[in-house]
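Everything below concerns the one structure shown next.
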Amino acid sequence: MSSVSVRFLAPSLAGSNRFRSRVSATPAQSVAPSPPVAVEIDAERLEPRVEEREGYWVLKEKFREGINPQEKVKIEKEPMKLFMENGIEELAKIPFEEIDKSKLTKDDVDVRLKWLGLFHRRKHQFGRFMMRLKLPNGVTTSTQTRYLASVIRQYGKEGCADVTTRQNWQIRGVVLPDVPEILKGLSRVALTSLQSGMDNVRNPVGNPLAGIDPHEIIDTRPYTNLLSQFITANSKGNSAFTNLPRKWNVCVVGSHELYEHPHINDIAYIPANKDGRFGFNLLVGGFFSPKRCAEAVPLDAWVPAEDVIPVCKAVLEAFRDLGTRGNRQKTRMMWLIDELGIEGFRAEVVKRMPERKWREHLLRIWSKGNGRGGII
C-alpha cells in the first residue's frame, strides 16, 4: 500500500525545539457516515435549565423537580464560594465535632470541598482528605513534586501519593486546618487542585510521551495546558463550568497508539488535516460506569487547531444548559446526545459557537480520514 507524508506546524512550547512533527498516513479514504436518526425535540426542551446569578450558574426553579441530592447541595450553597470567596479559610477553623452538627458545614466537608479537589475519607480516614490536583498531560516538575512530598511527609504513615489513570497526582492524609496553606503552596509552585472533582471538567489527558515520541503526530502539551488554563481561568476559578450535570473528561490525541483512550472521553480531539490546514476532528460522549459503557461518537465536525478552546466552550455550554440532573447514573453527556440525537446535539453546539467565519466547520464537515476519525 502506498503512503504519503503529512507535515504541519505544531504550537511552540517553551523550552522545546520540537516545533515540527512528521506522520505517515495512508491516503485519505472517504468514510460513509451512518445515516443520522431523526429525533423529534420539543422547543421547550431546548430551554437552558440554568441561568447566571451573581456570577454563578444556578439551576432554574422550574427545573428542580426530581433532581438528585447532589444538585440540592449545589442549590443550597454554591460550592465555588469556598474558593472564590475564601470560604475555606473560615471552614478550616471549625473543629470537626462542630462541623458534623450542622448539615450545611457537613455538606461543605463531604460534598462541596470536592470542587477544591478535596475528598473527605469519612468511612476510612475520618477527618482526613485525599486532594486531587490538575496536572495537564501529566507533566510535573521536580519543584512541584518536592512540594507535594513535603506536604504528605508531615502526615507520617497517613500520608501518601497516587499517580492516577488520568495522568494526575493525588495526595492523601490531608487535614482540614492545613488546607488554606496547602492551597497557597500549590499556587507558589504553579499547581492547583481547583475544579478536579464532582461536576467539573477533569484533568486534560494527552500523549504521555509528548515531546519525546519519535512517532508523535502532535505534541499535545500546548493543547492540554490551554484547556486546563481555560477550564480553571488560570487557577482562579471559572464559575461558567462548575455547575455541570456530571463530570466531563477531555483528551487530545497525539499518536497512533491512542494512549489517551479517546473513545471514553466526553470530548476527544483527533488530529486531522483539512484542505491543507491542521486541525481536529471531534469525538463526543464517551464514558464508562458500573451501569453503562458508551463509546464516543463522531460529532461529524472539524475545527482548526487554533479553535480548540471555542469548541470546548460551546460543547460544555450545551451540556451545562441542557443536561438532565435526576438519576446520577443517567446524567453524563452521552445521555443528552442520545436524547437529542447527534444532529440535534451538534445544532446546539453550533448555536453556542462564536459568530465567526469558521463556524461553518461545525456544519457536518468531518475531515476525511482512514476510518479512525482522522490522519491517525
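Letters A, B, ... go to the chains of the C-alpha cells in the order shown; residues in each chain start at 1; ligands are counted from 1 in the same order.
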* To do: Could you please write out, as number ranges by chain, every residue of segment 176-290 of chain A that DSSP assigns to strand (DSSP E)?
  => A: 250-252, 267-274, 277-284, 287-288
* Among segment 108-174 of chain A, which ones does DSSP place in alpha helix (DSSP H), written as a PyMOL selection string? -> chain A and resi 108-110+142-153
For the contact check between segment 213-258 of chain A and segment 137-146 of chain A, emit one row per residue of segment 213-258 of chain A within 12 Å, containing the shortest atom pair and the distance in Å rounded to one decimal, counting only C-alpha atoms, chain then rising number order, as a tab-separated table.
residue	atom	partner	partner_atom	distance
A:Asp219	CA	A:Asn137	CA	10.2
A:Thr220	CA	A:Asn137	CA	7.5
A:Arg221	CA	A:Asn137	CA	6.1
A:Pro222	CA	A:Asn137	CA	9.2
A:Tyr223	CA	A:Asn137	CA	9.1
A:Thr224	CA	A:Asn137	CA	6.1
A:Asn225	CA	A:Asn137	CA	7.6
A:Leu226	CA	A:Asn137	CA	10.9
A:Leu227	CA	A:Asn137	CA	10.4
A:Ser228	CA	A:Asn137	CA	9.6
A:Val250	CA	A:Asn137	CA	10.8
A:Cys251	CA	A:Asn137	CA	8.8
A:Val252	CA	A:Asn137	CA	9.0
A:Val253	CA	A:Asn137	CA	10.7
A:Gly254	CA	A:Asn137	CA	10.8
Write out as an mmCIF file with C-alpha atoms, in the first residue's frame which residues come within 8 Å of Tyr147 of chain A when counting only C-alpha atoms, dropping same-chain ones fewer than 6 positions away.
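For reference, part_19.cif as written:
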data_model
loop_
_atom_site.group_PDB
_atom_site.id
_atom_site.type_symbol
_atom_site.label_atom_id
_atom_site.label_comp_id
_atom_site.auth_asym_id
_atom_site.auth_seq_id
_atom_site.Cartn_x
_atom_site.Cartn_y
_atom_site.Cartn_z
ATOM 1 C CA GLY A 185 1.801 26.421 48.471
ATOM 2 C CA LEU A 186 0.302 24.839 45.359
ATOM 3 C CA VAL A 189 4.733 26.047 42.509
#
* To do: Quick one: everything within 12 Å of segment 120-124 of chain A, counting only C-alpha atoms, minus sequence neighbours fewer than 6 positions away in the same chain. Send it as a list in words.
  => Phe96, Asp100, Lys106, Asp107, Asp108, Val109, Asp110, Val111, Arg112, Leu113, Lys114, Met130, Met131, Arg132, Glu158, Arg172, Gly173, Val174, Val175, Leu176 and Gly197 of chain A
* Non-local contacts of Gly66 of chain A (12 Å; only C-alpha atoms; under 3 positions in same chain excluded) as a count of residues only -> 12
